[in-house]
Amino acid sequence: MTGPTKNRIGIYPGTFDPITYGHLDLIDRALALFDHLIVAVAVNPAKVHLFTPEDRRDMILECLKLLETKDSERRLEVVIFSGLLAHLAVERGATAILRGLRAVSDFEFEFQIALTNRTLAPSVEAVFLMPNAKYTYLSSTIIKNVAQYGGDVTKLVPPIVVQRLAQRYQQAGGASSARS
Ligand code: ADP
């Protein structure tokens with residue numbers, strides 16, 4: 001049975017401090033499921049971040065050029081948001097909120113958040129995607145730990161992020177302790 005075609009809008013929220021190849025892998029997979037994907041950079045005053053929301057957004061925009069999916073630039077949007085994700089999802093008419101699951105340890109927290117979001121926005125589904133196995137261990141926190149001490153992260157994050165991390169830790173004299 002075929003119903004009317006619907007413009008499927010996905011929303012992928014996160015801290016992206018900074019974006020990694022794991023995040024990009026998920027974005028690529030999401031483009032196969034959604035017509036339009038909104039990558040939403042969270043502003044969370046309770047967390048200490050290495051990069052400003054604007055820096056995080058600009059790095060994401062630069063990295064999206066690396067995606068192989070046809071039309072990806074036209075189908076993607078990057079926004080900065082504060083407040084409740086469920087409200088943004090409803091406001092933007094999102095079909096689903098997308099999150100990544102790397103390991104079982106991610107599940108419990110994500111399950112809790114997804115059910116809370118469902119209470120706030122019953123029309124918005126939760127979709128979980130798994131990255132390519134080679135990225136399952138990757139997190140922004142690990143990247144920052146390695147980069148902070150001059151480790152090579154070229155296989156883990158796109159070139160613009162390698163550059164920005166090096167600049168940032170040079171400015172901080174290698175002493176920043178920001179985490180996400
Ligand atoms: P948050 O602070 O909201 O968890 P992150 O930027 O750390 O923000 O992660 C955003 C989303 O991307 C989360 O759903 C997280 O599970 C997912 N994610 C992060 N790194 C990876 C990865 N290597 N593979 C797949 N998903 C990932």
# chains A, B, ... in the order shown; residues from 1 in each chain; ligands from 1
$ residues_around --residues "Ala147 of chain A" --least-positions-apart "4" --cutoff "9 Å" --atoms "only C-alpha atoms" --output "list in words"
Ile142, Ile143, Gly151, Asp152, Val153, Val162, Leu165, Ala166, Tyr169 and Gly174 of chain A
$ residues_near_ligand --ligand "ligand 1" --cutoff "8 Å" --atoms "only C-alpha atoms and all ligand atoms" --output "ChimeraX atom specification"
/A:12-23,25-26,42,98-102,106,110,128-132,135-141,180
$ select_by_dssp --residues "segment 8-140 of chain A" --states "helix (DSSP H, G or I)" --output "PDB file with N, CA and C atoms, in the first residue's frame"
ATOM      1  N   TYR A  21      34.564  11.629  12.816  1.00  0.00           N
ATOM      2  CA  TYR A  21      34.123  10.770  11.711  1.00  0.00           C
ATOM      3  C   TYR A  21      32.951   9.882  12.141  1.00  0.00           C
ATOM      4  N   GLY A  22      32.793   9.652  13.439  1.00  0.00           N
ATOM      5  CA  GLY A  22      31.639   8.873  13.935  1.00  0.00           C
ATOM      6  C   GLY A  22      30.339   9.627  13.683  1.00  0.00           C
ATOM      7  N   HIS A  23      30.333  10.929  14.023  1.00  0.00           N
ATOM      8  CA  HIS A  23      29.152  11.768  13.763  1.00  0.00           C
ATOM      9  C   HIS A  23      28.853  11.806  12.257  1.00  0.00           C
ATOM     10  N   LEU A  24      29.913  11.989  11.465  1.00  0.00           N
ATOM     11  CA  LEU A  24      29.712  12.103  10.006  1.00  0.00           C
ATOM     12  C   LEU A  24      29.141  10.821   9.411  1.00  0.00           C
ATOM     13  N   ASP A  25      29.621   9.692   9.941  1.00  0.00           N
ATOM     14  CA  ASP A  25      29.113   8.393   9.496  1.00  0.00           C
ATOM     15  C   ASP A  25      27.602   8.314   9.746  1.00  0.00           C
ATOM     16  N   LEU A  26      27.191   8.807  10.906  1.00  0.00           N
ATOM     17  CA  LEU A  26      25.765   8.772  11.249  1.00  0.00           C
ATOM     18  C   LEU A  26      24.947   9.696  10.340  1.00  0.00           C
ATOM     19  N   ILE A  27      25.509  10.850  10.049  1.00  0.00           N
ATOM     20  CA  ILE A  27      24.811  11.815   9.175  1.00  0.00           C
ATOM     21  C   ILE A  27      24.596  11.192   7.799  1.00  0.00           C
ATOM     22  N   ASP A  28      25.623  10.517   7.295  1.00  0.00           N
ATOM     23  CA  ASP A  28      25.528   9.860   5.989  1.00  0.00           C
ATOM     24  C   ASP A  28      24.426   8.794   5.995  1.00  0.00           C
ATOM     25  N   ARG A  29      24.383   8.012   7.063  1.00  0.00           N
ATOM     26  CA  ARG A  29      23.342   6.975   7.173  1.00  0.00           C
ATOM     27  C   ARG A  29      21.956   7.617   7.262  1.00  0.00           C
ATOM     28  N   ALA A  30      21.866   8.706   7.991  1.00  0.00           N
ATOM     29  CA  ALA A  30      20.567   9.367   8.178  1.00  0.00           C
ATOM     30  C   ALA A  30      20.033   9.914   6.857  1.00  0.00           C
ATOM     31  N   LEU A  31      20.934  10.314   5.977  1.00  0.00           N
ATOM     32  CA  LEU A  31      20.487  10.862   4.686  1.00  0.00           C
ATOM     33  C   LEU A  31      19.781   9.809   3.840  1.00  0.00           C
ATOM     34  N   PRO A  53      29.640  27.373  20.345  1.00  0.00           N
ATOM     35  CA  PRO A  53      28.616  26.787  19.466  1.00  0.00           C
ATOM     36  C   PRO A  53      28.834  27.191  18.001  1.00  0.00           C
ATOM     37  N   GLU A  54      29.259  28.441  17.781  1.00  0.00           N
ATOM     38  CA  GLU A  54      29.478  28.921  16.405  1.00  0.00           C
ATOM     39  C   GLU A  54      30.639  28.180  15.762  1.00  0.00           C
ATOM     40  N   ASP A  55      31.714  27.961  16.522  1.00  0.00           N
ATOM     41  CA  ASP A  55      32.865  27.201  16.002  1.00  0.00           C
ATOM     42  C   ASP A  55      32.445  25.776  15.660  1.00  0.00           C
ATOM     43  N   ARG A  56      31.636  25.185  16.549  1.00  0.00           N
ATOM     44  CA  ARG A  56      31.197  23.791  16.330  1.00  0.00           C
ATOM     45  C   ARG A  56      30.334  23.718  15.080  1.00  0.00           C
ATOM     46  N   ARG A  57      29.441  24.693  14.932  1.00  0.00           N
ATOM     47  CA  ARG A  57      28.590  24.728  13.731  1.00  0.00           C
ATOM     48  C   ARG A  57      29.435  24.905  12.467  1.00  0.00           C
ATOM     49  N   ASP A  58      30.402  25.828  12.518  1.00  0.00           N
ATOM     50  CA  ASP A  58      31.204  26.089  11.320  1.00  0.00           C
ATOM     51  C   ASP A  58      32.038  24.868  10.921  1.00  0.00           C
ATOM     52  N   MET A  59      32.555  24.151  11.904  1.00  0.00           N
ATOM     53  CA  MET A  59      33.325  22.931  11.585  1.00  0.00           C
ATOM     54  C   MET A  59      32.411  21.881  10.940  1.00  0.00           C
ATOM     55  N   ILE A  60      31.196  21.759  11.473  1.00  0.00           N
ATOM     56  CA  ILE A  60      30.248  20.784  10.896  1.00  0.00           C
ATOM     57  C   ILE A  60      29.968  21.155   9.433  1.00  0.00           C
ATOM     58  N   LEU A  61      29.689  22.440   9.201  1.00  0.00           N
ATOM     59  CA  LEU A  61      29.382  22.892   7.834  1.00  0.00           C
ATOM     60  C   LEU A  61      30.517  22.552   6.882  1.00  0.00           C
ATOM     61  N   GLU A  62      31.735  22.750   7.337  1.00  0.00           N
ATOM     62  CA  GLU A  62      32.911  22.454   6.515  1.00  0.00           C
ATOM     63  C   GLU A  62      33.002  20.941   6.252  1.00  0.00           C
ATOM     64  N   CYS A  63      32.722  20.150   7.273  1.00  0.00           N
ATOM     65  CA  CYS A  63      32.848  18.688   7.155  1.00  0.00           C
ATOM     66  C   CYS A  63      31.766  18.084   6.259  1.00  0.00           C
ATOM     67  N   LEU A  64      30.616  18.743   6.183  1.00  0.00           N
ATOM     68  CA  LEU A  64      29.525  18.201   5.364  1.00  0.00           C
ATOM     69  C   LEU A  64      29.923  18.129   3.889  1.00  0.00           C
ATOM     70  N   SER A  72      23.726  16.095  -0.696  1.00  0.00           N
ATOM     71  CA  SER A  72      23.752  16.178   0.767  1.00  0.00           C
ATOM     72  C   SER A  72      23.736  17.634   1.255  1.00  0.00           C
ATOM     73  N   GLU A  73      24.460  18.513   0.562  1.00  0.00           N
ATOM     74  CA  GLU A  73      24.513  19.899   1.057  1.00  0.00           C
ATOM     75  C   GLU A  73      23.143  20.575   1.028  1.00  0.00           C
ATOM     76  N   ARG A  74      22.363  20.236  -0.012  1.00  0.00           N
ATOM     77  CA  ARG A  74      21.029  20.833  -0.153  1.00  0.00           C
ATOM     78  C   ARG A  74      20.061  20.284   0.904  1.00  0.00           C
ATOM     79  N   ARG A  75      20.317  19.017   1.322  1.00  0.00           N
ATOM     80  CA  ARG A  75      19.372  18.356   2.233  1.00  0.00           C
ATOM     81  C   ARG A  75      19.736  18.497   3.713  1.00  0.00           C
ATOM     82  N   LEU A  85      14.905  20.198  23.184  1.00  0.00           N
ATOM     83  CA  LEU A  85      14.986  19.612  21.843  1.00  0.00           C
ATOM     84  C   LEU A  85      13.598  19.240  21.328  1.00  0.00           C
ATOM     85  N   ALA A  86      12.744  18.725  22.214  1.00  0.00           N
ATOM     86  CA  ALA A  86      11.401  18.302  21.801  1.00  0.00           C
ATOM     87  C   ALA A  86      10.640  19.486  21.197  1.00  0.00           C
ATOM     88  N   HIS A  87      10.827  20.672  21.769  1.00  0.00           N
ATOM     89  CA  HIS A  87      10.140  21.861  21.248  1.00  0.00           C
ATOM     90  C   HIS A  87      10.655  22.202  19.848  1.00  0.00           C
ATOM     91  N   LEU A  88      11.984  22.120  19.673  1.00  0.00           N
ATOM     92  CA  LEU A  88      12.570  22.409  18.360  1.00  0.00           C
ATOM     93  C   LEU A  88      12.055  21.399  17.336  1.00  0.00           C
ATOM     94  N   ALA A  89      11.990  20.136  17.750  1.00  0.00           N
ATOM     95  CA  ALA A  89      11.548  19.075  16.839  1.00  0.00           C
ATOM     96  C   ALA A  89      10.117  19.336  16.352  1.00  0.00           C
ATOM     97  N   VAL A  90       9.248  19.730  17.271  1.00  0.00           N
ATOM     98  CA  VAL A  90       7.846  19.997  16.901  1.00  0.00           C
ATOM     99  C   VAL A  90       7.768  21.242  16.007  1.00  0.00           C
ATOM    100  N   GLU A  91       8.492  22.264  16.435  1.00  0.00           N
ATOM    101  CA  GLU A  91       8.513  23.533  15.680  1.00  0.00           C
ATOM    102  C   GLU A  91       8.952  23.313  14.236  1.00  0.00           C
ATOM    103  N   VAL A 104      26.325  -0.738  24.390  1.00  0.00           N
ATOM    104  CA  VAL A 104      25.169  -0.942  25.276  1.00  0.00           C
ATOM    105  C   VAL A 104      25.135   0.161  26.338  1.00  0.00           C
ATOM    106  N   SER A 105      26.314   0.636  26.712  1.00  0.00           N
ATOM    107  CA  SER A 105      26.383   1.664  27.758  1.00  0.00           C
ATOM    108  C   SER A 105      25.657   2.949  27.349  1.00  0.00           C
ATOM    109  N   ASP A 106      25.538   3.225  26.054  1.00  0.00           N
ATOM    110  CA  ASP A 106      24.798   4.416  25.602  1.00  0.00           C
ATOM    111  C   ASP A 106      23.298   4.236  25.808  1.00  0.00           C
ATOM    112  N   PHE A 107      22.861   2.961  25.825  1.00  0.00           N
ATOM    113  CA  PHE A 107      21.434   2.686  25.687  1.00  0.00           C
ATOM    114  C   PHE A 107      20.568   3.247  26.812  1.00  0.00           C
ATOM    115  N   GLU A 108      21.001   3.022  28.048  1.00  0.00           N
ATOM    116  CA  GLU A 108      20.134   3.360  29.176  1.00  0.00           C
ATOM    117  C   GLU A 108      19.768   4.850  29.202  1.00  0.00           C
ATOM    118  N   PHE A 109      20.778   5.687  29.016  1.00  0.00           N
ATOM    119  CA  PHE A 109      20.561   7.131  29.022  1.00  0.00           C
ATOM    120  C   PHE A 109      19.689   7.545  27.833  1.00  0.00           C
ATOM    121  N   GLU A 110      20.015   7.000  26.665  1.00  0.00           N
ATOM    122  CA  GLU A 110      19.268   7.372  25.453  1.00  0.00           C
ATOM    123  C   GLU A 110      17.797   6.951  25.557  1.00  0.00           C
ATOM    124  N   PHE A 111      17.563   5.802  26.165  1.00  0.00           N
ATOM    125  CA  PHE A 111      16.207   5.271  26.334  1.00  0.00           C
ATOM    126  C   PHE A 111      15.387   6.236  27.200  1.00  0.00           C
ATOM    127  N   GLN A 112      16.020   6.676  28.279  1.00  0.00           N
ATOM    128  CA  GLN A 112      15.384   7.621  29.206  1.00  0.00           C
ATOM    129  C   GLN A 112      15.020   8.925  28.497  1.00  0.00           C
ATOM    130  N   ILE A 113      15.991   9.462  27.765  1.00  0.00           N
ATOM    131  CA  ILE A 113      15.771  10.732  27.054  1.00  0.00           C
ATOM    132  C   ILE A 113      14.683  10.562  25.992  1.00  0.00           C
ATOM    133  N   ALA A 114      14.737   9.436  25.263  1.00  0.00           N
ATOM    134  CA  ALA A 114      13.776   9.212  24.171  1.00  0.00           C
ATOM    135  C   ALA A 114      12.351   9.145  24.721  1.00  0.00           C
ATOM    136  N   LEU A 115      12.183   8.474  25.855  1.00  0.00           N
ATOM    137  CA  LEU A 115      10.838   8.358  26.416  1.00  0.00           C
ATOM    138  C   LEU A 115      10.351   9.700  26.982  1.00  0.00           C
ATOM    139  N   THR A 116      11.284  10.481  27.503  1.00  0.00           N
ATOM    140  CA  THR A 116      10.916  11.820  27.986  1.00  0.00           C
ATOM    141  C   THR A 116      10.481  12.676  26.799  1.00  0.00           C
ATOM    142  N   ASN A 117      11.275  12.611  25.724  1.00  0.00           N
ATOM    143  CA  ASN A 117      10.925  13.389  24.526  1.00  0.00           C
ATOM    144  C   ASN A 117       9.576  12.963  23.961  1.00  0.00           C
ATOM    145  N   ARG A 118       9.277  11.684  24.070  1.00  0.00           N
ATOM    146  CA  ARG A 118       7.986  11.192  23.553  1.00  0.00           C
ATOM    147  C   ARG A 118       6.830  11.798  24.353  1.00  0.00           C
ATOM    148  N   THR A 119       7.043  11.977  25.655  1.00  0.00           N
ATOM    149  CA  THR A 119       6.008  12.602  26.484  1.00  0.00           C
ATOM    150  C   THR A 119       5.792  14.046  26.040  1.00  0.00           C
ATOM    151  N   LEU A 120       6.914  14.719  25.749  1.00  0.00           N
ATOM    152  CA  LEU A 120       6.832  16.135  25.374  1.00  0.00           C
ATOM    153  C   LEU A 120       6.370  16.335  23.937  1.00  0.00           C
ATOM    154  N   ALA A 133      31.509  -0.115  12.402  1.00  0.00           N
ATOM    155  CA  ALA A 133      32.169  -0.687  13.590  1.00  0.00           C
ATOM    156  C   ALA A 133      33.479   0.022  13.929  1.00  0.00           C
ATOM    157  N   LYS A 134      34.166   0.525  12.905  1.00  0.00           N
ATOM    158  CA  LYS A 134      35.472   1.146  13.194  1.00  0.00           C
ATOM    159  C   LYS A 134      35.339   2.468  13.958  1.00  0.00           C
ATOM    160  N   TYR A 135      34.115   2.992  14.062  1.00  0.00           N
ATOM    161  CA  TYR A 135      33.926   4.245  14.814  1.00  0.00           C
ATOM    162  C   TYR A 135      33.215   4.044  16.143  1.00  0.00           C
ATOM    163  N   SER A 140      33.951  12.548  21.103  1.00  0.00           N
ATOM    164  CA  SER A 140      34.624  13.851  21.098  1.00  0.00           C
ATOM    165  C   SER A 140      35.579  13.946  22.288  1.00  0.00           C
TER     166      SER A 140
END
$ select_by_dssp --residues "segment 6-112 of chain A" --states "strand (DSSP E or B)" --output "PDB file with N, CA, C and O atoms, in the first residue's frame"
ATOM      1  N   ILE A   9      11.614  14.681   7.824  1.00  0.00           N
ATOM      2  CA  ILE A   9      12.634  15.555   8.412  1.00  0.00           C
ATOM      3  C   ILE A   9      13.211  14.893   9.660  1.00  0.00           C
ATOM      4  O   ILE A   9      12.475  14.527  10.576  1.00  0.00           O
ATOM      5  N   GLY A  10      14.519  14.719   9.656  1.00  0.00           N
ATOM      6  CA  GLY A  10      15.190  14.153  10.824  1.00  0.00           C
ATOM      7  C   GLY A  10      15.934  15.252  11.547  1.00  0.00           C
ATOM      8  O   GLY A  10      16.365  16.237  10.940  1.00  0.00           O
ATOM      9  N   ILE A  11      16.059  15.073  12.850  1.00  0.00           N
ATOM     10  CA  ILE A  11      16.818  16.067  13.614  1.00  0.00           C
ATOM     11  C   ILE A  11      17.878  15.313  14.422  1.00  0.00           C
ATOM     12  O   ILE A  11      17.573  14.347  15.112  1.00  0.00           O
ATOM     13  N   TYR A  12      19.119  15.704  14.242  1.00  0.00           N
ATOM     14  CA  TYR A  12      20.239  15.009  14.887  1.00  0.00           C
ATOM     15  C   TYR A  12      20.912  15.980  15.865  1.00  0.00           C
ATOM     16  O   TYR A  12      21.695  16.834  15.464  1.00  0.00           O
ATOM     17  N   PRO A  13      20.553  15.859  17.157  1.00  0.00           N
ATOM     18  CA  PRO A  13      21.108  16.781  18.143  1.00  0.00           C
ATOM     19  C   PRO A  13      22.398  16.238  18.765  1.00  0.00           C
ATOM     20  O   PRO A  13      22.601  15.015  18.822  1.00  0.00           O
ATOM     21  N   GLY A  14      23.223  17.152  19.212  1.00  0.00           N
ATOM     22  CA  GLY A  14      24.425  16.709  19.913  1.00  0.00           C
ATOM     23  C   GLY A  14      25.265  17.897  20.317  1.00  0.00           C
ATOM     24  O   GLY A  14      24.948  19.046  19.993  1.00  0.00           O
ATOM     25  N   HIS A  36      15.319  15.482   4.634  1.00  0.00           N
ATOM     26  CA  HIS A  36      16.004  16.673   5.129  1.00  0.00           C
ATOM     27  C   HIS A  36      16.523  16.359   6.534  1.00  0.00           C
ATOM     28  O   HIS A  36      15.804  15.775   7.344  1.00  0.00           O
ATOM     29  N   LEU A  37      17.765  16.739   6.781  1.00  0.00           N
ATOM     30  CA  LEU A  37      18.326  16.466   8.108  1.00  0.00           C
ATOM     31  C   LEU A  37      18.810  17.767   8.745  1.00  0.00           C
ATOM     32  O   LEU A  37      19.562  18.522   8.136  1.00  0.00           O
ATOM     33  N   ILE A  38      18.341  17.976   9.980  1.00  0.00           N
ATOM     34  CA  ILE A  38      18.772  19.159  10.732  1.00  0.00           C
ATOM     35  C   ILE A  38      19.776  18.700  11.788  1.00  0.00           C
ATOM     36  O   ILE A  38      19.438  17.899  12.667  1.00  0.00           O
ATOM     37  N   VAL A  39      20.996  19.154  11.659  1.00  0.00           N
ATOM     38  CA  VAL A  39      21.997  18.849  12.683  1.00  0.00           C
ATOM     39  C   VAL A  39      21.917  19.982  13.693  1.00  0.00           C
ATOM     40  O   VAL A  39      22.103  21.151  13.333  1.00  0.00           O
ATOM     41  N   ALA A  40      21.580  19.640  14.927  1.00  0.00           N
ATOM     42  CA  ALA A  40      21.313  20.668  15.939  1.00  0.00           C
ATOM     43  C   ALA A  40      22.415  20.681  16.998  1.00  0.00           C
ATOM     44  O   ALA A  40      22.592  19.717  17.747  1.00  0.00           O
ATOM     45  N   VAL A  41      23.144  21.786  17.021  1.00  0.00           N
ATOM     46  CA  VAL A  41      24.276  21.933  17.951  1.00  0.00           C
ATOM     47  C   VAL A  41      23.738  22.479  19.274  1.00  0.00           C
ATOM     48  O   VAL A  41      23.189  23.589  19.314  1.00  0.00           O
ATOM     49  N   ALA A  42      23.904  21.708  20.326  1.00  0.00           N
ATOM     50  CA  ALA A  42      23.320  22.088  21.609  1.00  0.00           C
ATOM     51  C   ALA A  42      24.179  23.092  22.367  1.00  0.00           C
ATOM     52  O   ALA A  42      25.395  22.947  22.458  1.00  0.00           O
ATOM     53  N   LEU A  76      20.847  19.172   3.951  1.00  0.00           N
ATOM     54  CA  LEU A  76      21.308  19.299   5.332  1.00  0.00           C
ATOM     55  C   LEU A  76      21.249  20.744   5.814  1.00  0.00           C
ATOM     56  O   LEU A  76      21.455  21.669   5.035  1.00  0.00           O
ATOM     57  N   GLU A  77      21.037  20.874   7.096  1.00  0.00           N
ATOM     58  CA  GLU A  77      20.993  22.203   7.705  1.00  0.00           C
ATOM     59  C   GLU A  77      21.654  22.072   9.074  1.00  0.00           C
ATOM     60  O   GLU A  77      21.483  21.049   9.738  1.00  0.00           O
ATOM     61  N   VAL A  78      22.395  23.076   9.474  1.00  0.00           N
ATOM     62  CA  VAL A  78      23.017  23.029  10.806  1.00  0.00           C
ATOM     63  C   VAL A  78      22.501  24.215  11.609  1.00  0.00           C
ATOM     64  O   VAL A  78      22.591  25.355  11.146  1.00  0.00           O
ATOM     65  N   VAL A  79      21.936  23.948  12.765  1.00  0.00           N
ATOM     66  CA  VAL A  79      21.411  25.034  13.603  1.00  0.00           C
ATOM     67  C   VAL A  79      22.004  24.936  15.011  1.00  0.00           C
ATOM     68  O   VAL A  79      22.428  23.865  15.437  1.00  0.00           O
ATOM     69  N   ILE A  80      22.035  26.069  15.678  1.00  0.00           N
ATOM     70  CA  ILE A  80      22.454  26.098  17.083  1.00  0.00           C
ATOM     71  C   ILE A  80      21.168  26.210  17.897  1.00  0.00           C
ATOM     72  O   ILE A  80      20.295  26.998  17.542  1.00  0.00           O
ATOM     73  N   PHE A  81      21.042  25.403  18.951  1.00  0.00           N
ATOM     74  CA  PHE A  81      19.806  25.521  19.720  1.00  0.00           C
ATOM     75  C   PHE A  81      20.066  25.444  21.217  1.00  0.00           C
ATOM     76  O   PHE A  81      21.003  24.810  21.682  1.00  0.00           O
ATOM     77  N   ALA A  96      11.450  12.510  13.185  1.00  0.00           N
ATOM     78  CA  ALA A  96      12.173  11.728  14.190  1.00  0.00           C
ATOM     79  C   ALA A  96      13.398  12.464  14.705  1.00  0.00           C
ATOM     80  O   ALA A  96      13.982  13.298  14.016  1.00  0.00           O
ATOM     81  N   ILE A  97      13.744  12.114  15.936  1.00  0.00           N
ATOM     82  CA  ILE A  97      15.000  12.568  16.535  1.00  0.00           C
ATOM     83  C   ILE A  97      15.975  11.413  16.391  1.00  0.00           C
ATOM     84  O   ILE A  97      15.666  10.263  16.728  1.00  0.00           O
ATOM     85  N   LEU A  98      17.129  11.722  15.876  1.00  0.00           N
ATOM     86  CA  LEU A  98      18.132  10.694  15.601  1.00  0.00           C
ATOM     87  C   LEU A  98      19.246  10.750  16.634  1.00  0.00           C
ATOM     88  O   LEU A  98      19.728  11.830  16.975  1.00  0.00           O
ATOM     89  N   ARG A  99      19.632   9.573  17.135  1.00  0.00           N
ATOM     90  CA  ARG A  99      20.782   9.509  18.043  1.00  0.00           C
ATOM     91  C   ARG A  99      21.629   8.309  17.648  1.00  0.00           C
ATOM     92  O   ARG A  99      21.162   7.388  16.977  1.00  0.00           O
ATOM     93  N   GLY A 100      22.867   8.323  18.099  1.00  0.00           N
ATOM     94  CA  GLY A 100      23.763   7.218  17.776  1.00  0.00           C
ATOM     95  C   GLY A 100      23.898   6.282  18.957  1.00  0.00           C
ATOM     96  O   GLY A 100      23.886   6.721  20.110  1.00  0.00           O
TER      97      GLY A 100
END
$ closest_residue --among "A:Asp71, A:Thr95, A:Leu50, A:Leu66" --to "Arg8 of chain A" --atoms "only C-alpha atoms"
A:Thr95
$ decode --residues "segment 10-27 of chain A" --atoms "C-alpha atoms" --output "PDB file, in the first residue's frame"
ATOM      1  CA  GLY A  10      15.190  14.153  10.824  1.00  0.00           C
ATOM      2  CA  ILE A  11      16.818  16.067  13.614  1.00  0.00           C
ATOM      3  CA  TYR A  12      20.239  15.009  14.887  1.00  0.00           C
ATOM      4  CA  PRO A  13      21.108  16.781  18.143  1.00  0.00           C
ATOM      5  CA  GLY A  14      24.425  16.709  19.913  1.00  0.00           C
ATOM      6  CA  THR A  15      27.247  18.641  21.441  1.00  0.00           C
ATOM      7  CA  PHE A  16      29.629  18.054  18.531  1.00  0.00           C
ATOM      8  CA  ASP A  17      32.586  19.384  20.549  1.00  0.00           C
ATOM      9  CA  PRO A  18      34.071  18.683  18.017  1.00  0.00           C
ATOM     10  CA  ILE A  19      32.468  16.682  15.202  1.00  0.00           C
ATOM     11  CA  THR A  20      34.208  13.334  14.508  1.00  0.00           C
ATOM     12  CA  TYR A  21      34.123  10.770  11.711  1.00  0.00           C
ATOM     13  CA  GLY A  22      31.639   8.873  13.935  1.00  0.00           C
ATOM     14  CA  HIS A  23      29.152  11.768  13.763  1.00  0.00           C
ATOM     15  CA  LEU A  24      29.712  12.103  10.006  1.00  0.00           C
ATOM     16  CA  ASP A  25      29.113   8.393   9.496  1.00  0.00           C
ATOM     17  CA  LEU A  26      25.765   8.772  11.249  1.00  0.00           C
ATOM     18  CA  ILE A  27      24.811  11.815   9.175  1.00  0.00           C
TER      19      ILE A  27
END
